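A.B. asks: What follows is a structure written as structure tokens; I'll ask about it next.
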Amino acid sequence: MRDKTVLVTGATGFVGQNVTKKLLEDGYFVCAIVRNPEKLKNLFLEYPDNLIPIKIKNPEEKDYRFYSKLITDYNISSIIHIAAITGERNISWEEYYKTNVLWTKNLAYGFVDANINHNVFIFTSTVGVYGTIPKYLPADESHPYDPDGKYHKSKALAEKELLSLKEEYDFPLVIFRPTTIYGKGDYSFLYKISKLVKKRSFFYFNNPKISLIDVDYLSSMYFYAVKNKISGIYNIAENPITLEDLLRFIKKATGGKYYKLPSFLLKVVLQIPNDILRIKLKLITFDRYYSTKKIEKLGLPTSDTLKHLEKYMEWYNERKTQ
């Protein structure tokens, strides 16, 4: 049991649900830090014996000693840290720092301090640590940090804290940098685009090449890391796709429509003094794709977005606008 007990944060979220399910299906014991144990239990009714809810009201406020004891008490050999404040929101930097940086640091330090066999600590970062738009393409894992916005900056800072801790204690650390995630449970990037296309109200300026990632594939990477005890920093992305290829696929699936605006208007829109709006606009305007050579060296080939997207379009179509 010791080697098959994994602590997961964010187990009731979009990515966390998929990761937790894969672990449970393979017979792992999952300790899940949650605020609402009943929600967790209802999501995984078929695995009552392997699921261990750990109710903590404010986990981001616990220090490393709390986590060291928790990890030792439950014989937790691996940690998958997914929970975070994601995206750009109208909340303070202090909240981003407390949740995305300080919690990560305390959890990792607790992992190092605990009296256990350390398999792997997996941290969920983002390709946004390179900036919304990388300085060169395809951006690889050696791309310099250039985060813009509070979310990207908090993830970059959390990475630096973990790497500093690893240098001091040399514990098994994996940092995953996924690009934009899609799939069942997504209410973000692709969900919003599909709804706007369906309502015939999606407008864009350019036809950039972008990288996305299927949540199923991403979840399999967490599982692979735990099972094979890998280490290192990895981009997680599919092969690039053009925005217009993506829009054509969504249009065919939804019966909607989209409109391309004159590119000269882009300069005007980018002058709007709103960081959140500018970042969202950049995501559908400029090339942003990423090298996956490191992942491929593990024997894990990348794939094409349109091959995976079809299995989700019915789900996207059925969702009501959030």
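Quick note on naming: the chains in the structure tokens go A, B, ... in the order shown, residues restart at 1 in each chain, and ligands are numbered from 1 in order of appearance.
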Taking only region 217-300 of chain A into account, list the residues labelled helix (DSSP H, G or I) by DSSP (computed from the backbone), as a ChimeraX atom specification.
C.D. replies: /A:217-228,243-254,264-269,275-283,293-297
A.B. asks: Please provide the set of residues having any atom within 12 Å of Lys252 (chain A), restricted to only C-alpha atoms, with same-chain residues fewer than 4 positions apart removed, written as a list in words.
C.D. replies: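 Non-adjacent residues within range: Ser194, Val197, Lys198, Asp245, Leu246, Leu247, Arg248, Gly256, Lys257, Tyr258, Glu310, Met313 and Asn317 of chain A.
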A.B. asks: Skipping near chain neighbours, those fewer than 5 positions away, what residues fall within 10 Å of Ile82 (chain A) using only C-alpha atoms, listed as a list in words?
C.D. replies: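 With the cut-off at 10 Å, the set is Val8, Thr9, Gly10, Ala11, Gly13, Phe14, Val15, Gly16, Val19, Asn100, Thr104, Ile122, Phe123, Thr124 and Ser125 of chain A.
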A.B. asks: With region 222-236 of chain A as the partner and 9 Å as the cut-off, tabulate the residues of region 54-117 of chain A that qualify, each row holding the nearest pair of atoms and their distance in Å to one decimal, using only C-alpha atoms, sorted by chain and rising number, as CSV.
C.D. replies:
residue,atom,partner,partner_atom,distance
A:Ser78,CA,A:Val226,CA,6.9
A:Ile79,CA,A:Val226,CA,8.7
A:Ile80,CA,A:Tyr222,CA,7.6
A.B. asks: Since we have the selection now, will you write its residues out, keeping C-alpha atoms, as an mmCIF file, in the first residue's frame?
C.D. replies:
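Below you can see result28.cif, which holds the result:
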data_model
loop_
_atom_site.group_PDB
_atom_site.id
_atom_site.type_symbol
_atom_site.label_atom_id
_atom_site.label_comp_id
_atom_site.auth_asym_id
_atom_site.auth_seq_id
_atom_site.Cartn_x
_atom_site.Cartn_y
_atom_site.Cartn_z
ATOM 1 C CA SER A 78 3.546 10.506 -4.083
ATOM 2 C CA ILE A 79 1.843 13.888 -4.328
ATOM 3 C CA ILE A 80 -0.004 15.299 -7.332
#
A.B. asks: Counting only C-alpha atoms, which residue out of A:Asn117, A:Pro147, A:Val174, A:His81 sits closest to Lys135 (chain A)?
C.D. replies: A:Pro147
A.B. asks: With a distance cut-off of 9 Å and only C-alpha atoms, select the neighbouring residues of Ala156 (chain A), excluding the residue or stretch itself and same-chain residues fewer than 6 positions from it, and output the selection as a ChimeraX atom specification.
C.D. replies: /A:101,125-126,128-130,145-147
